[in-house]
$ cat coords38.csv   # CSV, C-alpha atoms
chain,number,residue,atom,x,y,z
A,1,MET,CA,0.0,0.0,0.0
A,2,LYS,CA,1.2,3.5,-0.8
A,3,LYS,CA,2.2,5.6,2.2
A,4,LEU,CA,2.1,9.3,2.7
A,5,PHE,CA,5.1,10.9,4.4
A,6,ILE,CA,3.9,14.2,5.9
A,7,GLY,CA,7.4,15.7,6.0
A,8,ASP,CA,8.1,14.9,2.4
A,9,ILE,CA,4.8,16.3,1.2
A,10,VAL,CA,5.3,19.5,3.2
A,11,SER,CA,8.9,19.9,1.9
A,12,ARG,CA,7.8,19.4,-1.7
A,13,SER,CA,4.9,21.7,-1.4
A,14,TRP,CA,7.0,24.4,0.2
A,15,ASP,CA,9.5,24.2,-2.7
A,16,LEU,CA,6.7,24.4,-5.3
A,17,ALA,CA,5.0,27.3,-3.5
A,18,VAL,CA,8.3,29.2,-3.3
A,19,LYS,CA,8.9,28.7,-7.0
A,20,HIS,CA,5.4,29.4,-8.3
A,21,TRP,CA,3.9,31.6,-5.6
A,22,PRO,CA,3.1,34.9,-7.5
A,23,VAL,CA,0.1,33.6,-9.6
A,24,PHE,CA,-1.4,31.5,-6.8
A,25,LEU,CA,-0.9,34.2,-4.2
A,26,ILE,CA,-2.7,36.7,-6.5
A,27,LEU,CA,-5.6,34.2,-7.1
A,28,SER,CA,-5.9,33.6,-3.3
A,29,LEU,CA,-5.9,37.3,-2.6
A,30,ILE,CA,-8.6,38.0,-5.2
A,31,SER,CA,-10.7,35.1,-3.9
A,32,GLY,CA,-10.4,36.4,-0.3
A,33,VAL,CA,-11.3,40.0,-1.2
A,34,ILE,CA,-14.3,38.9,-3.3
A,35,SER,CA,-15.5,36.6,-0.4
A,36,SER,CA,-15.5,39.6,1.9
A,37,PHE,CA,-18.3,41.2,-0.2
A,38,SER,CA,-20.7,38.3,0.3
A,39,GLY,CA,-22.4,39.9,3.4
A,40,GLY,CA,-24.8,42.7,3.7
A,41,ASP,CA,-25.3,44.4,7.1
A,42,PRO,CA,-23.0,42.6,9.6
A,43,THR,CA,-24.7,44.3,12.5
A,44,ALA,CA,-28.2,42.9,11.7
A,45,LEU,CA,-27.8,39.7,13.7
A,46,SER,CA,-26.3,41.4,16.7
A,47,SER,CA,-29.5,43.3,17.2
A,48,LEU,CA,-31.4,40.1,18.2
A,49,GLY,CA,-32.2,39.5,21.8
A,50,GLN,CA,-31.5,36.4,23.8
A,51,ASN,CA,-34.8,34.8,22.8
A,52,PRO,CA,-35.7,36.2,19.4
A,53,ASP,CA,-38.9,35.5,17.5
A,54,PRO,CA,-38.3,33.1,14.5
A,55,GLN,CA,-39.7,35.9,12.3
A,56,GLU,CA,-37.1,38.3,13.7
A,57,VAL,CA,-34.3,35.7,13.0
A,58,PHE,CA,-35.5,35.3,9.4
A,59,GLU,CA,-35.6,39.0,8.8
A,60,ALA,CA,-32.1,39.5,10.4
A,61,ILE,CA,-30.6,36.9,8.2
A,62,SER,CA,-32.3,38.4,5.2
A,63,ASN,CA,-30.8,41.8,6.1
A,64,SER,CA,-27.4,40.4,6.9
A,65,PHE,CA,-26.8,38.7,3.5
A,66,SER,CA,-27.5,39.9,0.0
A,67,PRO,CA,-28.7,36.8,-2.0
A,68,LEU,CA,-27.6,38.2,-5.3
A,69,MET,CA,-24.2,39.2,-4.0
A,70,MET,CA,-23.8,35.7,-2.4
A,71,ILE,CA,-24.6,34.1,-5.8
A,72,ILE,CA,-22.1,36.3,-7.6
A,73,VAL,CA,-19.4,35.6,-4.9
A,74,LEU,CA,-20.1,31.9,-5.1
A,75,PHE,CA,-19.7,31.8,-8.9
A,76,VAL,CA,-16.5,33.9,-8.9
A,77,THR,CA,-14.8,32.2,-6.0
A,78,THR,CA,-15.7,28.8,-7.5
A,79,TYR,CA,-14.3,29.9,-10.9
A,80,ILE,CA,-11.0,30.9,-9.1
A,81,GLY,CA,-10.9,27.6,-7.3
A,82,PHE,CA,-11.5,25.8,-10.6
A,83,ILE,CA,-8.6,27.4,-12.5
A,84,THR,CA,-6.4,27.2,-9.4
A,85,TYR,CA,-6.7,23.5,-9.2
A,86,ARG,CA,-6.0,23.2,-12.9
A,87,MET,CA,-2.9,25.4,-12.6
A,88,LEU,CA,-1.6,23.5,-9.6
A,89,VAL,CA,-1.8,20.2,-11.6
A,90,ASN,CA,-0.2,21.9,-14.5
A,91,VAL,CA,2.7,22.8,-12.2
A,92,MET,CA,3.1,19.1,-11.2
A,93,VAL,CA,2.9,17.8,-14.8
A,94,LYS,CA,4.5,20.5,-16.9
A,95,GLY,CA,6.5,22.5,-14.3
A,96,ARG,CA,4.6,25.7,-14.8
A,97,PRO,CA,1.1,27.0,-14.0
A,98,TYR,CA,0.3,27.7,-17.6
A,99,GLU,CA,2.1,27.8,-20.9
A,100,GLU,CA,4.4,30.8,-21.3
A,101,GLY,CA,2.4,33.8,-22.7
A,102,ASN,CA,-0.9,31.9,-22.5
A,103,LEU,CA,-2.4,33.2,-19.2
A,104,GLY,CA,-5.6,34.0,-21.2
A,105,GLU,CA,-5.9,30.4,-22.2
A,106,ALA,CA,-5.4,29.2,-18.7
A,107,LEU,CA,-8.3,31.5,-17.5
A,108,LYS,CA,-10.7,30.0,-20.1
A,109,VAL,CA,-13.0,27.2,-18.9
A,110,ASP,CA,-15.2,24.6,-20.4
A,111,LEU,CA,-18.7,25.4,-19.2
A,112,THR,CA,-19.7,21.8,-18.9
A,113,LYS,CA,-16.6,21.0,-16.8
A,114,PHE,CA,-17.1,24.1,-14.7
A,115,GLY,CA,-20.8,23.2,-14.1
A,116,LEU,CA,-19.7,19.8,-12.9
A,117,PHE,CA,-17.1,21.4,-10.6
A,118,LEU,CA,-19.7,23.9,-9.2
A,119,GLY,CA,-22.2,21.1,-8.6
A,120,VAL,CA,-19.6,19.0,-6.8
A,121,GLU,CA,-18.6,22.0,-4.6
A,122,ILE,CA,-22.2,22.7,-3.7
A,123,VAL,CA,-23.2,19.1,-2.9
A,124,LEU,CA,-19.9,18.5,-1.0
A,125,GLY,CA,-20.5,21.6,1.0
A,126,PHE,CA,-24.0,20.6,2.0
A,127,ALA,CA,-22.9,17.0,2.7
A,128,LEU,CA,-20.1,18.2,5.1
A,129,VAL,CA,-22.4,20.6,6.9
A,130,PHE,CA,-24.9,17.9,7.4
A,131,GLY,CA,-22.1,15.5,8.6
A,132,TYR,CA,-20.8,18.0,11.1
A,133,THR,CA,-24.3,18.9,12.3
A,134,LEU,CA,-25.0,15.2,13.1
A,135,CYS,CA,-21.7,14.9,15.0
A,136,ILE,CA,-18.1,15.9,14.5
A,137,ILE,CA,-17.0,12.4,13.5
A,138,PRO,CA,-19.2,11.8,10.4
A,139,GLY,CA,-18.3,15.3,9.1
A,140,LEU,CA,-14.6,14.6,9.7
A,141,PHE,CA,-14.8,11.2,8.0
A,142,LEU,CA,-16.5,12.6,4.9
A,143,THR,CA,-14.0,15.5,4.8
A,144,ILE,CA,-11.1,13.0,4.6
A,145,ARG,CA,-12.7,10.5,2.2
A,146,TRP,CA,-14.0,13.2,-0.2
A,147,TRP,CA,-10.9,15.4,0.2
A,148,PHE,CA,-9.8,15.2,-3.4
A,149,THR,CA,-13.3,15.3,-5.0
A,150,PRO,CA,-13.1,19.0,-6.1
A,151,LEU,CA,-9.5,18.5,-7.5
A,152,ILE,CA,-10.6,15.4,-9.4
A,153,ALA,CA,-13.7,17.2,-10.8
A,154,ALA,CA,-11.6,20.1,-12.0
A,155,THR,CA,-8.8,18.2,-13.6
A,156,GLU,CA,-9.9,14.8,-14.5
A,157,ASP,CA,-12.4,13.6,-17.2
A,158,VAL,CA,-15.0,12.2,-14.8
A,159,THR,CA,-18.7,12.3,-14.2
A,160,PHE,CA,-20.3,13.7,-11.0
A,161,ALA,CA,-20.5,10.3,-9.3
A,162,GLU,CA,-17.0,9.3,-10.4
A,163,ALA,CA,-15.4,12.4,-8.8
A,164,PHE,CA,-16.8,11.4,-5.4
A,165,GLY,CA,-16.1,7.7,-6.0
A,166,ARG,CA,-12.5,8.1,-7.1
A,167,SER,CA,-11.7,10.2,-4.1
A,168,TRP,CA,-13.4,7.6,-1.9
A,169,ASP,CA,-11.3,4.9,-3.5
A,170,ILE,CA,-7.9,6.5,-3.3
A,171,THR,CA,-8.3,7.6,0.3
A,172,ARG,CA,-9.2,4.1,1.5
A,173,GLY,CA,-6.7,2.9,4.1
A,174,HIS,CA,-5.2,6.4,4.4
A,175,PHE,CA,-7.6,8.1,6.8
A,176,TRP,CA,-5.1,8.7,9.6
A,177,GLU,CA,-2.3,9.8,7.3
A,178,LEU,CA,-4.7,12.3,5.7
A,179,PHE,CA,-5.9,13.3,9.1
A,180,LEU,CA,-2.4,14.2,10.2
A,181,LEU,CA,-1.8,16.0,6.9
A,182,GLY,CA,-5.0,18.0,7.6
A,183,LEU,CA,-3.7,18.9,11.1
A,184,THR,CA,-0.4,19.9,9.6
A,185,ALA,CA,-2.3,22.2,7.1
A,186,VAL,CA,-4.1,23.8,10.1
A,187,GLY,CA,-0.8,24.4,11.8
A,188,ILE,CA,0.6,26.0,8.6
A,189,ALA,CA,-2.5,28.2,8.4
A,190,ILE,CA,-2.0,29.3,12.0
A,191,VAL,CA,1.6,30.2,11.4
A,192,GLY,CA,0.6,32.1,8.3
A,193,LEU,CA,-2.0,34.0,10.3
A,194,CYS,CA,0.6,34.9,12.9
A,195,ALA,CA,2.9,36.2,10.1
A,196,CYS,CA,0.2,38.6,9.0
A,197,CYS,CA,-2.6,38.4,6.4
A,198,VAL,CA,-0.3,38.0,3.5
A,199,GLY,CA,1.4,35.2,5.3
A,200,LEU,CA,-2.0,33.4,5.6
A,201,PHE,CA,-2.5,33.7,1.8
A,202,PHE,CA,1.0,32.2,1.2
A,203,ALA,CA,0.1,29.4,3.6
A,204,GLU,CA,-2.9,28.7,1.5
A,205,VAL,CA,-0.7,28.3,-1.5
A,206,ILE,CA,1.4,25.7,0.4
A,207,ILE,CA,-1.7,23.9,1.6
A,208,ASN,CA,-3.1,23.7,-1.9
A,209,PHE,CA,0.1,22.2,-3.1
A,210,MET,CA,0.0,19.7,-0.2
A,211,SER,CA,-3.4,18.4,-1.4
A,212,VAL,CA,-2.2,18.1,-5.0
A,213,VAL,CA,1.1,16.3,-4.0
A,214,ALA,CA,-0.8,13.9,-1.8
A,215,TYR,CA,-3.3,13.2,-4.6
A,216,PHE,CA,-0.5,12.5,-7.1
A,217,ILE,CA,1.0,10.0,-4.7
A,218,LEU,CA,-2.3,8.2,-3.9
A,219,ALA,CA,-3.5,8.2,-7.5
A,220,ASP,CA,-0.2,6.7,-8.8
A,221,LYS,CA,0.6,9.8,-10.9
A,222,GLU,CA,4.1,10.3,-9.6
A,223,ALA,CA,5.5,9.3,-13.0
A,224,GLU,CA,3.9,12.4,-14.5
A,225,VAL,CA,5.6,14.8,-12.0
A,226,ILE,CA,8.4,17.1,-13.2
A,227,GLU,CA,10.8,17.7,-10.4
$ encode --input "coords38.csv" --output "structure tokens"
Amino acid sequence: MKKLFIGDIVSRSWDLAVKHWPVFLILSLISGVISSFSGGDPTALSSLGQNPDPQEVFEAISNSFSPLMMIIVLFVTTYIGFITYRMLVNVMVKGRPYEEGNLGEALKVDLTKFGLFLGVEIVLGFALVFGYTLCIIPGLFLTIRWWFTPLIAATEDVTFAEAFGRSWDITRGHFWELFLLGLTAVGIAIVGLCACCVGLFFAEVIINFMSVVAYFILADKEAEVIE
């Protein structure tokens, strides 16, 4: 059985992030800035009493979030996530995020492929929320087993069901290794947060590479990697 060595994954991801950080840092910053516009009035919920009427709760939520803005943010951030995954894999396979001088081509997307990715992200999000609502353990279990579903949906020629199924298959027998990798990612994020906001975004670049490196190992794609 293939084995994940956390130190090796972090080391390789660090090297890749240092070498290719500009484009991924910019994408991460853009996504973060756009996400900040998803809310409406952040003080609306704070006006509720200790025992608010359900109607008051509904009105407060309606006032706190703009549905149209949330939809726009969802599409834009999902688009950024989609092209980010594709660029990350391109780095692994071709040694660069996109072909020289072809950034415009890298930003183009196949609408069918993007629709699949968007659907996967939405269903995965609801599934994980439901899992964590039931209990921490089911949510954590699904997080690990479907860890690579968005990456697979964005970069592989698969159907909706195959994206979930392939992630489920390649993570079988690697739960605790991936759990430790996830804890390591949290630690890196905390260090990045302590470094300042920009440090957090750079930490995100490292964490994204960690996921892709781990996926290539578990999916037997190491032969495709350009060192």
$ atom_distance --input "coords38.csv" --atom1 "atom CA of His174 of chain A" --atom2 "atom CA of Ile137 of chain A"
16.1 Å
$ residues_around --input "coords38.csv" --residues "segment 144-152 of chain A" --least-positions-apart "2" --cutoff "6 Å" --atoms "only C-alpha atoms" --output "list of chain:residue names"
A:Tyr85, A:Phe141, A:Leu142, A:Ala154, A:Thr155, A:Glu156, A:Ala163, A:Phe164, A:Ser167, A:Trp168, A:Thr171
$ closest_residue --input "coords38.csv" --among "A:Glu177, A:Arg86, A:Phe209, A:Gly81" --to "Lys2 of chain A" --atoms "all atoms listed in the file"
A:Glu177
$ residues_around --input "coords38.csv" --residues "segment 14-30 of chain A" --least-positions-apart "2" --cutoff "7 Å" --atoms "only C-alpha atoms" --output "number ranges by chain"
A: 10-12, 32-34, 80, 201-202, 205-206
$ atom_distance --input "coords38.csv" --atom1 "atom CA of Lys113 of chain A" --atom2 "atom CA of Asp157 of chain A"
8.5 Å
$ atom_distance --input "coords38.csv" --atom1 "atom CA of Asn208 of chain A" --atom2 "atom CA of Thr84 of chain A"
8.9 Å
$ closest_residue --input "coords38.csv" --among "A:Ala203, A:Met92, A:Met87, A:Val73" --to "Leu107 of chain A" --atoms "only C-alpha atoms"
A:Met87
$ closest_residue --input "coords38.csv" --among "A:Met69, A:Val89, A:Ala161, A:Ile207" --to "Ser35 of chain A" --atoms "all atoms listed in the file"
A:Met69
$ closest_residue --input "coords38.csv" --among "A:Val109, A:Leu178, A:Cys196, A:Ala153" --to "Leu140 of chain A" --atoms "only C-alpha atoms"
A:Leu178
$ closest_residue --input "coords38.csv" --among "A:Glu204, A:Gly7, A:Gly173, A:Leu111" --to "Ile188 of chain A" --atoms "all atoms listed in the file"
A:Glu204
$ build_atoms --input "coords38.csv" --residues "segment 207-222 of chain A" --atoms "N, CA, C and O atoms" --output "compact mmCIF listing (two decimals), keeping the file's coordinate frame"
# COMPACT_ATOMS: atom_id res chain seq x y z
N ILE A 207 -0.69 24.90 1.32
CA ILE A 207 -1.70 23.90 1.60
C ILE A 207 -2.31 23.32 0.38
O ILE A 207 -2.56 22.10 0.28
N ASN A 208 -2.57 24.17 -0.61
CA ASN A 208 -3.10 23.70 -1.90
C ASN A 208 -2.17 22.74 -2.57
O ASN A 208 -2.58 21.71 -3.11
N PHE A 209 -0.89 23.07 -2.55
CA PHE A 209 0.10 22.20 -3.10
C PHE A 209 0.18 20.86 -2.37
O PHE A 209 0.40 19.79 -2.96
N MET A 210 0.00 20.92 -1.05
CA MET A 210 0.00 19.70 -0.20
C MET A 210 -1.07 18.74 -0.70
O MET A 210 -0.85 17.53 -0.81
N SER A 211 -2.26 19.27 -0.98
CA SER A 211 -3.40 18.40 -1.40
C SER A 211 -3.04 17.78 -2.79
O SER A 211 -3.30 16.59 -3.00
N VAL A 212 -2.46 18.58 -3.69
CA VAL A 212 -2.20 18.10 -5.00
C VAL A 212 -1.04 17.03 -4.97
O VAL A 212 -1.11 15.98 -5.63
N VAL A 213 -0.01 17.29 -4.18
CA VAL A 213 1.10 16.30 -4.00
C VAL A 213 0.58 15.02 -3.46
O VAL A 213 0.91 13.93 -3.95
N ALA A 214 -0.25 15.11 -2.42
CA ALA A 214 -0.80 13.90 -1.80
C ALA A 214 -1.68 13.14 -2.82
O ALA A 214 -1.64 11.91 -2.88
N TYR A 215 -2.44 13.87 -3.61
CA TYR A 215 -3.30 13.20 -4.60
C TYR A 215 -2.45 12.49 -5.65
O TYR A 215 -2.77 11.35 -6.03
N PHE A 216 -1.39 13.11 -6.12
CA PHE A 216 -0.50 12.50 -7.10
C PHE A 216 0.09 11.19 -6.57
O PHE A 216 0.26 10.21 -7.30
N ILE A 217 0.42 11.20 -5.29
CA ILE A 217 1.00 10.00 -4.70
C ILE A 217 -0.05 8.89 -4.60
O ILE A 217 0.20 7.75 -5.03
N LEU A 218 -1.22 9.21 -4.10
CA LEU A 218 -2.30 8.20 -3.90
C LEU A 218 -2.87 7.72 -5.21
O LEU A 218 -3.33 6.57 -5.30
N ALA A 219 -2.88 8.57 -6.21
CA ALA A 219 -3.50 8.20 -7.50
C ALA A 219 -2.48 7.61 -8.48
O ALA A 219 -2.78 7.43 -9.66
N ASP A 220 -1.27 7.32 -7.98
CA ASP A 220 -0.20 6.70 -8.80
C ASP A 220 0.11 7.59 -10.03
O ASP A 220 0.26 7.12 -11.16
N LYS A 221 0.24 8.89 -9.81
CA LYS A 221 0.60 9.80 -10.90
C LYS A 221 1.98 10.38 -10.75
O LYS A 221 2.34 11.34 -11.42
N GLU A 222 2.76 9.77 -9.88
CA GLU A 222 4.10 10.30 -9.60
C GLU A 222 4.97 10.25 -10.89
O GLU A 222 5.87 11.07 -11.05
